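Take a look at the structure below.
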Number of protein chains: 2
Amino acid sequence: MKTRDRILKTALALFNESGEAGVSLAQIAAALDISEGNLWYHFRTKRDLIAALLDELEQTIEQQHERPPADPGNVSTYADYSRQCFRTMWAYRFLYRARFDPGKDRELAERRLAITVRGHHHSERHLTEMARCKLLDASPSEIAELVTADRIVSRYWFDYLQERYGLVQLSEADLQSGVKQIFALYRPYLSAAARAQIAAAMPPGRKAARR
Amino acid sequence: MKTRDRILKTALALFNESGEAGVSLAQIAAALDISEGNLWYHFRTKRDLIAALLDELEQTIEQQHERPPADPGNVSTYADYSRQCFRTMWAYRFLYRARFDPGKDRELAERRLAITVRGHHHSERHLTEMARCKLLDASPSEIAELVTADRIVSRYWFDYLQERYGLVQLSEADLQSGVKQIFALYRPYLSAAARAQIAAAMPPGRKAARR
């Protein structure tokens, strides 16, 4: 791995652990066992490092959003997207916790806001697509409300788990329960076809248990 | 107003504005135009001030929770509670933003957690009561999911408005849209009786507009 990439990886891990305000460039250099001069050669300030990690997050989201839905007529496509969205937020969680003050750093604040707005539009597109594919039986105003609920539950799922249960490490179960909670929002509006897909996708053990 | 109460009021306003980490005892004394010695006579540390404001919040919540629902068979009772809950969270918003590390201050962290757990139980009681009064047609597992969604949307409503729209001051409209968003979660499960109550409570102008 190139030094620049190693720096970014280590900075991300430390920022996620302690918040970007609690980590100094010296600590990052020490964790990498490189000199501060070497670090400085790649990134002059902590702000440069944060901006580079924001680049990474933007590119990850871009790739996820550009890929057309694997199978728009199947609910599992939307569950997969939700799972992927949780993974991305967890991987870059310090960027979701940080508050960029537009008065102090307008560029970072605007880029961070753009991510929020994009996520909203992406949810909107997905729920509209689900309605178009007759998976969801909801009016445009119901879809608008669902989008807001979906965004809030997705966005703050980890904060909720942390505040309520002291989450420090994401388990597969936490991720699954997040997707389940999102689908609980959709459920009243799911069509018979969508419900049948979900029942068919359930592991045999659980299906038997529900009989 | 007694000096102690004036100090608490000013500290709360400053903490809400800048976060408790960004405000010093000296700044609080200056804002009150009293000496630091006078402030110190009432509160030795910032931690004492935070603990006293947490007392206030606990008492406010206690009073709200102890009062029996005004009219348990009427949905407006639950809308009123939701509105009140938003007002309390807004009034003490710094305590909802702060992260008390149990490793650093176990007492504050535990008291803060107790507030979260209590809110959850209170939502649970309310939704169960709505089902008992035939306002809600939901199974116990649906109620459990609704409680979680309700808690997340309530708890993070202001964070969402801030992140998405740059909210700095709460307007009545923001509060109303929060209550509306909570009721959007309930809506698929509301009984015909509950829907009739909501339609009857709607202002005449809006009823006419919907015809």
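The way I read the labels, and the way they are meant: chains A, B, ... in the order of the structure tokens, residue 1 as the first residue of every chain, and ligand 1 as the first ligand shown, with later ones counted on from there.
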
Near-range 32-43 of chain A list (12 Å; only C-alpha atoms; drop same-chain fewer than 5 positions) as number ranges by chain: A: 2-11, 13-14, 24-27, 48-53

Within 9 Å of chain A: residues of chain B, using only C-alpha atoms, as a PyMOL selection string: chain B and resi 99+112-113+116-117+142+145-146+148-149+151-153+155-157+160+163-165+181-182+184-185+188-189

Would you write out those residues with C-alpha atoms, as a PDB file, in the first residue's frame?
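Saved file result.pdb follows:
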ATOM      1  CA  ARG B  99     -21.980  12.497  24.870  1.00  0.00           C
ATOM      2  CA  ARG B 112     -28.510  10.402  30.646  1.00  0.00           C
ATOM      3  CA  LEU B 113     -29.107   6.773  29.645  1.00  0.00           C
ATOM      4  CA  THR B 116     -33.390   7.559  26.968  1.00  0.00           C
ATOM      5  CA  VAL B 117     -34.757   4.328  28.444  1.00  0.00           C
ATOM      6  CA  GLU B 142     -45.846  -3.929  15.206  1.00  0.00           C
ATOM      7  CA  GLU B 145     -41.349  -1.506  15.793  1.00  0.00           C
ATOM      8  CA  LEU B 146     -43.480   1.631  15.968  1.00  0.00           C
ATOM      9  CA  THR B 148     -38.448   2.296  17.937  1.00  0.00           C
ATOM     10  CA  ALA B 149     -39.327   4.377  14.864  1.00  0.00           C
ATOM     11  CA  ARG B 151     -38.174   7.206  19.422  1.00  0.00           C
ATOM     12  CA  ILE B 152     -35.668   7.677  16.580  1.00  0.00           C
ATOM     13  CA  VAL B 153     -37.761  10.236  14.682  1.00  0.00           C
ATOM     14  CA  ARG B 155     -35.083  12.064  19.277  1.00  0.00           C
ATOM     15  CA  TYR B 156     -33.276  13.087  16.073  1.00  0.00           C
ATOM     16  CA  TRP B 157     -35.869  15.409  14.556  1.00  0.00           C
ATOM     17  CA  TYR B 160     -32.219  16.129  11.051  1.00  0.00           C
ATOM     18  CA  GLU B 163     -28.244  18.841   9.188  1.00  0.00           C
ATOM     19  CA  ARG B 164     -30.642  19.157   6.276  1.00  0.00           C
ATOM     20  CA  TYR B 165     -31.928  22.719   6.605  1.00  0.00           C
ATOM     21  CA  GLN B 181     -43.971  13.082  10.927  1.00  0.00           C
ATOM     22  CA  ILE B 182     -44.622  11.012  14.096  1.00  0.00           C
ATOM     23  CA  ALA B 184     -47.224   9.573   9.619  1.00  0.00           C
ATOM     24  CA  LEU B 185     -45.604   6.559  11.315  1.00  0.00           C
ATOM     25  CA  PRO B 188     -51.225   3.045   8.560  1.00  0.00           C
ATOM     26  CA  TYR B 189     -52.256   1.558  11.902  1.00  0.00           C
TER      27      TYR B 189
END

Which residues of range 129-188 of chain B have any atom within 8 Å of an atom in range 192-198 of chain B when counting only C-alpha atoms, and what is the closest pair of atoms for each, with the distance in Å to one decimal? Order the rows by chain and rising number and write it as JSON lines.
{"residue": "B:Lys134", "atom": "CA", "partner": "B:Ala193", "partner_atom": "CA", "distance": 7.8}
{"residue": "B:Leu135", "atom": "CA", "partner": "B:Ala194", "partner_atom": "CA", "distance": 5.0}
{"residue": "B:Leu136", "atom": "CA", "partner": "B:Ala194", "partner_atom": "CA", "distance": 7.5}

Between CA of Thr88 in chain B and CA of Gly119 in chain B - distance in Å to one decimal: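 Rounded to one decimal, the two atoms are 11.8 Å apart.
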
DSSP alpha helix (DSSP H) residues within range 17-137 of chain A, as an MDAnalysis selection string: chainID A and resid 17:18 25:32 36:42 46:66 75:91 93:97 106:132

Pairwise distance for CA of Val23 in chain B and CA of Arg47 in chain B, rounded to one decimal in Å: 11.7 Å

Take chain A, superimpose it onto chain B by least squares using every C-alpha atom paired in sequence order, and output the result as a CSV table (one decimal) with C-alpha atoms, in the first residue's frame.
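Result file is part05.csv:
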chain,number,residue,atom,x,y,z
A,1,MET,CA,-35.3,35.6,40.3
A,2,LYS,CA,-32.7,34.1,42.8
A,3,THR,CA,-29.1,34.2,41.7
A,4,ARG,CA,-28.9,30.4,41.5
A,5,ASP,CA,-31.9,30.3,39.2
A,6,ARG,CA,-30.4,33.1,37.1
A,7,ILE,CA,-27.2,31.2,36.8
A,8,LEU,CA,-28.9,28.0,35.7
A,9,LYS,CA,-31.0,29.9,33.1
A,10,THR,CA,-28.0,31.7,31.6
A,11,ALA,CA,-25.9,28.5,31.6
A,12,LEU,CA,-28.6,26.6,29.9
A,13,ALA,CA,-28.9,29.3,27.2
A,14,LEU,CA,-25.1,29.4,26.6
A,15,PHE,CA,-24.7,25.6,26.6
A,16,ASN,CA,-27.6,25.2,24.2
A,17,GLU,CA,-26.0,27.8,21.9
A,18,SER,CA,-22.4,26.6,21.9
A,19,GLY,CA,-22.4,23.1,23.5
A,20,GLU,CA,-21.2,22.7,27.1
A,21,ALA,CA,-17.6,22.1,26.0
A,22,GLY,CA,-17.4,25.5,24.4
A,23,VAL,CA,-18.5,27.6,27.4
A,24,SER,CA,-16.4,28.4,30.5
A,25,LEU,CA,-17.5,29.4,34.0
A,26,ALA,CA,-15.9,32.8,33.3
A,27,GLN,CA,-18.1,33.3,30.3
A,28,ILE,CA,-21.2,32.4,32.3
A,29,ALA,CA,-20.2,34.9,35.0
A,30,ALA,CA,-19.6,37.6,32.4
A,31,ALA,CA,-22.9,37.0,30.7
A,32,LEU,CA,-24.6,37.4,34.1
A,33,ASP,CA,-22.5,40.4,35.1
A,34,ILE,CA,-21.5,38.7,38.4
A,35,SER,CA,-18.1,37.9,39.8
A,36,GLU,CA,-16.6,34.4,39.3
A,37,GLY,CA,-16.5,34.2,43.1
A,38,ASN,CA,-20.2,34.7,43.3
A,39,LEU,CA,-20.8,32.0,40.6
A,40,TRP,CA,-18.4,29.7,42.4
A,41,TYR,CA,-20.4,30.1,45.6
A,42,HIS,CA,-23.3,28.4,43.9
A,43,PHE,CA,-21.5,26.1,41.5
A,44,ARG,CA,-17.9,25.0,42.0
A,45,THR,CA,-17.5,23.4,38.6
A,46,LYS,CA,-19.1,23.3,35.1
A,47,ARG,CA,-19.9,19.7,35.9
A,48,ASP,CA,-22.0,20.8,38.9
A,49,LEU,CA,-23.9,23.1,36.6
A,50,ILE,CA,-24.5,20.4,34.1
A,51,ALA,CA,-25.7,18.0,36.8
A,52,ALA,CA,-28.1,20.7,38.1
A,53,LEU,CA,-29.6,21.2,34.6
A,54,LEU,CA,-29.9,17.4,34.3
A,55,ASP,CA,-31.9,17.5,37.6
A,56,GLU,CA,-34.2,20.1,36.0
A,57,LEU,CA,-34.7,17.9,32.9
A,58,GLU,CA,-35.4,14.8,35.0
A,59,GLN,CA,-38.0,16.7,37.0
A,60,THR,CA,-39.6,18.1,33.9
A,61,ILE,CA,-39.8,14.6,32.3
A,62,GLU,CA,-41.0,13.1,35.6
A,63,GLN,CA,-43.9,15.6,35.8
A,64,GLN,CA,-44.9,15.0,32.1
A,65,HIS,CA,-44.8,11.2,32.6
A,66,GLU,CA,-46.7,11.1,35.9
A,67,ARG,CA,-49.6,13.1,34.6
A,68,PRO,CA,-52.2,10.6,33.4
A,69,PRO,CA,-53.3,11.1,29.7
A,70,ALA,CA,-55.9,13.9,29.6
A,71,ASP,CA,-58.3,11.8,27.4
A,72,PRO,CA,-56.8,8.4,26.5
A,73,GLY,CA,-59.5,7.7,24.0
A,74,ASN,CA,-58.6,10.8,21.9
A,75,VAL,CA,-55.7,10.9,19.5
A,76,SER,CA,-55.1,14.6,20.3
A,77,THR,CA,-53.8,13.5,23.7
A,78,TYR,CA,-50.9,11.7,22.0
A,79,ALA,CA,-50.2,14.6,19.6
A,80,ASP,CA,-50.1,16.9,22.6
A,81,TYR,CA,-47.6,14.6,24.4
A,82,SER,CA,-45.5,14.5,21.3
A,83,ARG,CA,-45.5,18.3,21.0
A,84,GLN,CA,-44.5,18.6,24.7
A,85,CYS,CA,-41.8,16.0,24.3
A,86,PHE,CA,-40.3,18.1,21.4
A,87,ARG,CA,-40.5,21.3,23.5
A,88,THR,CA,-38.6,19.7,26.4
A,89,MET,CA,-35.9,18.3,24.1
A,90,TRP,CA,-35.5,21.7,22.5
A,91,ALA,CA,-35.3,23.5,25.9
A,92,TYR,CA,-32.5,21.2,27.1
A,93,ARG,CA,-31.0,20.4,23.7
A,94,PHE,CA,-27.4,20.5,24.9
A,95,LEU,CA,-28.1,17.5,27.1
A,96,TYR,CA,-29.3,15.6,24.1
A,97,ARG,CA,-26.2,16.5,22.0
A,98,ALA,CA,-23.6,15.9,24.7
A,99,ARG,CA,-22.0,12.5,24.9
A,100,PHE,CA,-21.3,11.5,28.5
A,101,ASP,CA,-18.5,9.0,28.5
A,102,PRO,CA,-19.3,6.3,31.2
A,103,GLY,CA,-15.5,5.9,31.6
A,104,LYS,CA,-15.1,9.6,32.5
A,105,ASP,CA,-18.3,10.4,34.4
A,106,ARG,CA,-20.3,7.3,35.1
A,107,GLU,CA,-23.0,9.1,37.1
A,108,LEU,CA,-23.9,11.6,34.3
A,109,ALA,CA,-23.7,8.9,31.7
A,110,GLU,CA,-26.1,6.6,33.6
A,111,ARG,CA,-28.5,9.4,34.3
A,112,ARG,CA,-28.5,10.4,30.7
A,113,LEU,CA,-29.1,6.8,29.7
A,114,ALA,CA,-32.0,6.5,32.1
A,115,ILE,CA,-33.7,9.4,30.3
A,116,THR,CA,-33.4,7.6,27.0
A,117,VAL,CA,-34.8,4.3,28.4
A,118,ARG,CA,-37.6,6.2,30.2
A,119,GLY,CA,-38.6,7.9,26.9
A,120,HIS,CA,-38.7,4.5,25.2
A,121,HIS,CA,-41.0,3.0,27.9
A,122,HIS,CA,-43.2,6.1,27.9
A,123,SER,CA,-43.7,5.7,24.1
A,124,GLU,CA,-44.4,2.0,24.6
A,125,ARG,CA,-47.0,2.8,27.2
A,126,HIS,CA,-48.7,5.4,25.0
A,127,LEU,CA,-48.8,3.2,21.9
A,128,THR,CA,-50.1,0.3,24.0
A,129,GLU,CA,-52.8,2.6,25.5
A,130,MET,CA,-53.7,3.8,22.0
A,131,ALA,CA,-54.2,0.1,20.9
A,132,ARG,CA,-56.2,-0.6,24.1
A,133,CYS,CA,-58.5,2.4,23.3
A,134,LYS,CA,-59.0,1.0,19.8
A,135,LEU,CA,-57.2,4.0,18.2
A,136,LEU,CA,-54.5,1.8,16.8
A,137,ASP,CA,-54.8,-1.6,15.2
A,138,ALA,CA,-51.4,-3.0,15.6
A,139,SER,CA,-49.9,-6.3,16.9
A,140,PRO,CA,-47.5,-6.3,19.8
A,141,SER,CA,-44.6,-6.8,17.4
A,142,GLU,CA,-45.8,-3.9,15.2
A,143,ILE,CA,-46.1,-1.8,18.3
A,144,ALA,CA,-42.5,-2.7,19.3
A,145,GLU,CA,-41.3,-1.5,15.8
A,146,LEU,CA,-43.5,1.6,16.0
A,147,VAL,CA,-42.0,2.5,19.4
A,148,THR,CA,-38.4,2.3,17.9
A,149,ALA,CA,-39.3,4.4,14.9
A,150,ASP,CA,-41.2,6.9,17.1
A,151,ARG,CA,-38.2,7.2,19.4
A,152,ILE,CA,-35.7,7.7,16.6
A,153,VAL,CA,-37.8,10.2,14.7
A,154,SER,CA,-38.6,12.2,17.9
A,155,ARG,CA,-35.1,12.0,19.3
A,156,TYR,CA,-33.3,13.1,16.1
A,157,TRP,CA,-35.9,15.4,14.5
A,158,PHE,CA,-33.9,18.5,15.4
A,159,ASP,CA,-30.6,17.0,14.3
A,160,TYR,CA,-32.2,16.1,11.0
A,161,LEU,CA,-33.6,19.6,10.6
A,162,GLN,CA,-30.3,21.1,11.5
A,163,GLU,CA,-28.3,18.8,9.2
A,164,ARG,CA,-30.7,19.1,6.3
A,165,TYR,CA,-32.0,22.7,6.6
A,166,GLY,CA,-29.5,24.4,9.0
A,167,LEU,CA,-32.1,24.8,11.8
A,168,VAL,CA,-30.9,27.2,14.5
A,169,GLN,CA,-34.1,28.3,16.0
A,170,LEU,CA,-37.2,26.2,16.5
A,171,SER,CA,-40.4,27.6,14.9
A,172,GLU,CA,-43.9,26.4,15.6
A,173,ALA,CA,-43.9,25.0,12.1
A,174,ASP,CA,-40.9,22.8,12.7
A,175,LEU,CA,-42.5,21.5,15.8
A,176,GLN,CA,-45.8,20.8,14.0
A,177,SER,CA,-44.0,19.1,11.2
A,178,GLY,CA,-42.3,16.9,13.8
A,179,VAL,CA,-45.7,15.8,15.3
A,180,LYS,CA,-47.0,15.3,11.7
A,181,GLN,CA,-44.0,13.0,10.9
A,182,ILE,CA,-44.6,11.0,14.1
A,183,PHE,CA,-48.3,10.6,13.1
A,184,ALA,CA,-47.2,9.5,9.6
A,185,LEU,CA,-45.6,6.5,11.3
A,186,TYR,CA,-48.8,5.7,13.2
A,187,ARG,CA,-51.2,6.4,10.3
A,188,PRO,CA,-51.2,3.0,8.6
A,189,TYR,CA,-52.3,1.5,11.9
A,190,LEU,CA,-54.8,4.1,13.0
A,191,SER,CA,-58.4,2.8,13.4
A,192,ALA,CA,-61.4,4.4,11.6
A,193,ALA,CA,-62.4,6.0,14.9
A,194,ALA,CA,-58.9,7.6,15.2
A,195,ARG,CA,-59.0,8.9,11.6
A,196,ALA,CA,-62.4,10.4,12.2
A,197,GLN,CA,-61.1,12.2,15.2
A,198,ILE,CA,-58.2,13.6,13.2
A,199,ALA,CA,-60.5,14.7,10.3
A,200,ALA,CA,-62.8,16.4,12.8
A,201,ALA,CA,-59.9,18.2,14.5
A,202,MET,CA,-58.6,19.6,11.3
A,203,PRO,CA,-59.0,23.4,10.8
A,204,PRO,CA,-62.0,24.2,8.6
A,205,GLY,CA,-59.8,25.8,6.0
A,206,ARG,CA,-57.7,22.8,5.4
A,207,LYS,CA,-60.7,20.5,5.4
A,208,ALA,CA,-62.2,22.6,2.6
A,209,ALA,CA,-58.9,22.6,0.7
A,210,ARG,CA,-58.8,18.8,0.8
A,211,ARG,CA,-62.3,18.3,-0.7
